[in-house]
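Here's the structure we're looking at; comments come further down.
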Amino acid sequence: MGLMALFRRTPPSATVAKERLRIIVAQERSSRGGPDYLPMLRREIMEVIRKYVKVEPDAVKVHVEREKGHDVLELSVSLPGKGG
Amino acid sequence: MTEIIVVTSGKGGVGKTTTSASLSCGLARKGKKVAVIDFDIGLRNLDLIMGCERRVVFDFVNVIQGDCTLKQALIKDKRLETLYVLAASQTRDKDALTTEGVRKVLDELIADGFDYILCDSPAGIEKGAHLAMYFADRAVVVVNPEVSSVRDSDRILGLLASKTERAEKGNGGVKEHLLLTRYSPRRVAAGEMLSVADVKEILGLDVIGVIPESTDVLTASNAGTPVILNEDSDVSEAYTDAVERLLGTELPLRFVDEQKKGFFARMFGG
């Protein structure tokens, strides 16, 4: 990095790459190991909820927790506040 | 004790075959009895990199289907006494490789007293890649310091942790290592390339080798001589270090810092 780096407004591209990777890798790891139908399930639940309530696209969270002997499917939906 | 090592990456073109060829040569040069197997069915290439393409008579699928014996299909390297190559089949039949067929071939190599079996995985996450890793004891994940390669490597790490015999049986899992290729210390210093530390941090794995970007790799593949055998190349030294680390020797990483050119080198472009 030369003297010009001092005047550079944008961060070095490697820093951007690292940040992007950190986010996407964490996201993909969290959904890893879950059944393949999970994204589809999430989408359909989303559609059903939207028939009744106006929710944001990321309001539905589907998560599979591995426990001894059985899996737990966790569903969490954040509904909009009363004022919103 | 035979050790089965898969050389894999997910993404194509990152240097799996170059790495398989050089690691197997390096291990054989240490006196180990080594077999290197091309799992890229339909796209045979390891034979070219090893320089034995004109000596392929029978291939991996021929052995599995019983067209020939394993001994007939193993190509003995002309440079190293204890090194053997098993070429991939050029068939377009994707089902030619079977789990049981691969198991049979590996078992026979183990019974033959091979020290190491290197499985050169095809790119992607299809059947060939799956079978290349399935019986592995260890994995060398080849990665370029570049976003798509790093992401694909993480995907492969997920598969190594779930879709291998060791993972299924729960006996310790596959031991994983990272090997960075096409590394440019100059670009890392300029903030244009992910560093070894960055990749290590994102993937959370130990680094077994860092191979510098070099024109020597193409020159070696042109000639059909694995680049590790090109004695005066940095790439050769970097692969030699990686082989030592595979064998358990602890060595500091080389070729990861920018070489500052001296005054004369800068003046005369040395």
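Each chain in the structure tokens gets a letter, A, B and so on, in the order shown; residues start at 1 in every chain, and ligands are counted from 1 in the order they appear.
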Contacts from chain B to chain A, 6 Å maximum, only C-alpha atoms: show me the residue list as a PyMOL selection string. chain B and resi 190-194
Dump all heavy atoms for the selected residues as a compact mmCIF listing (two decimals), in the first residue's frame?
# COMPACT_ATOMS: atom_id res chain seq x y z
N ALA B 190 -0.76 -5.36 -1.36
CA ALA B 190 -1.45 -4.21 -1.94
C ALA B 190 -2.93 -4.17 -1.55
O ALA B 190 -3.66 -3.27 -1.97
CB ALA B 190 -1.29 -4.23 -3.46
N GLY B 191 -3.36 -5.15 -0.77
CA GLY B 191 -4.76 -5.18 -0.35
C GLY B 191 -5.70 -5.64 -1.45
O GLY B 191 -6.90 -5.42 -1.39
N GLU B 192 -5.13 -6.31 -2.46
CA GLU B 192 -5.95 -6.75 -3.60
C GLU B 192 -6.30 -8.22 -3.54
O GLU B 192 -7.03 -8.73 -4.39
CB GLU B 192 -5.19 -6.53 -4.92
CG GLU B 192 -4.86 -5.10 -5.23
CD GLU B 192 -3.88 -4.99 -6.38
OE1 GLU B 192 -3.45 -6.02 -6.94
OE2 GLU B 192 -3.52 -3.85 -6.71
N MET B 193 -5.74 -8.94 -2.58
CA MET B 193 -5.98 -10.38 -2.51
C MET B 193 -6.13 -10.81 -1.06
O MET B 193 -5.45 -10.28 -0.19
CB MET B 193 -4.81 -11.11 -3.17
CG MET B 193 -4.96 -12.62 -3.25
SD MET B 193 -3.52 -13.43 -3.98
CE MET B 193 -3.99 -13.50 -5.70
N LEU B 194 -7.03 -11.77 -0.82
CA LEU B 194 -7.20 -12.31 0.53
C LEU B 194 -5.87 -12.91 0.98
O LEU B 194 -5.19 -13.57 0.20
CB LEU B 194 -8.27 -13.40 0.52
CG LEU B 194 -9.71 -12.97 0.25
CD1 LEU B 194 -10.56 -14.19 -0.10
CD2 LEU B 194 -10.30 -12.25 1.46
- Query: Ile45 (chain A): which residues within 12 Å, counting only C-alpha atoms, same-chain residues fewer than 6 positions away excluded, as an MDAnalysis selection string?
  - Reply: chainID A and resid 38:39 51:52 55 57:62 75:77
Residues from last step as file, C-alpha atoms, as a PDB file, in the first residue's frame:
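Output (part-v6.pdb):
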ATOM      1  CA  LEU A  38     -36.379 -26.139   4.268  1.00  0.00           C
ATOM      2  CA  PRO A  39     -36.185 -23.160   1.868  1.00  0.00           C
ATOM      3  CA  LYS A  51     -52.613 -13.894   3.147  1.00  0.00           C
ATOM      4  CA  TYR A  52     -53.583 -12.630   6.590  1.00  0.00           C
ATOM      5  CA  VAL A  55     -45.039  -9.149   7.015  1.00  0.00           C
ATOM      6  CA  PRO A  57     -39.876 -11.038   3.506  1.00  0.00           C
ATOM      7  CA  ASP A  58     -37.393 -11.931   6.243  1.00  0.00           C
ATOM      8  CA  ALA A  59     -40.012 -12.146   9.006  1.00  0.00           C
ATOM      9  CA  VAL A  60     -40.229 -15.938   8.857  1.00  0.00           C
ATOM     10  CA  LYS A  61     -37.322 -17.884  10.292  1.00  0.00           C
ATOM     11  CA  VAL A  62     -37.187 -21.646   9.971  1.00  0.00           C
ATOM     12  CA  LEU A  75     -40.553 -21.507  13.394  1.00  0.00           C
ATOM     13  CA  SER A  76     -40.490 -17.896  14.358  1.00  0.00           C
ATOM     14  CA  VAL A  77     -42.532 -15.175  12.725  1.00  0.00           C
TER      15      VAL A  77
END
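Computed from the coordinates, the CA of Val105 (chain B) to CA of Glu3 (chain B) distance equals 14.2 Å.
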Near-Asp137 (chain B) list (7 Å; only C-alpha atoms; drop same-chain fewer than 5 positions) as a ChimeraX atom specification: /B:3-5,174-175
| message | Just list as a list of chain:residue names whatever in chain A DSSP marks as strand (DSSP E or B). | response | A:Val60, A:Lys61, A:Val62, A:His63, A:Val64, A:Glu65, A:Arg66, A:Glu67, A:His70, A:Asp71, A:Val72, A:Leu73, A:Glu74, A:Leu75, A:Ser76, A:Val77
Residues from last step as file, C-alpha atoms, as an mmCIF file, in the first residue's frame:
data_model
loop_
_atom_site.group_PDB
_atom_site.id
_atom_site.type_symbol
_atom_site.label_atom_id
_atom_site.label_comp_id
_atom_site.auth_asym_id
_atom_site.auth_seq_id
_atom_site.Cartn_x
_atom_site.Cartn_y
_atom_site.Cartn_z
ATOM 1 C CA VAL A 60 -40.229 -15.938 8.857
ATOM 2 C CA LYS A 61 -37.322 -17.884 10.292
ATOM 3 C CA VAL A 62 -37.187 -21.646 9.971
ATOM 4 C CA HIS A 63 -34.587 -23.550 11.889
ATOM 5 C CA VAL A 64 -33.902 -27.211 12.526
ATOM 6 C CA GLU A 65 -32.306 -28.104 15.821
ATOM 7 C CA ARG A 66 -30.675 -31.503 16.181
ATOM 8 C CA GLU A 67 -31.348 -33.105 19.513
ATOM 9 C CA HIS A 70 -35.102 -36.343 17.241
ATOM 10 C CA ASP A 71 -35.024 -33.062 15.311
ATOM 11 C CA VAL A 72 -36.910 -29.961 16.374
ATOM 12 C CA LEU A 73 -38.352 -27.664 13.735
ATOM 13 C CA GLU A 74 -38.397 -24.124 15.029
ATOM 14 C CA LEU A 75 -40.553 -21.507 13.394
ATOM 15 C CA SER A 76 -40.490 -17.896 14.358
ATOM 16 C CA VAL A 77 -42.532 -15.175 12.725
#
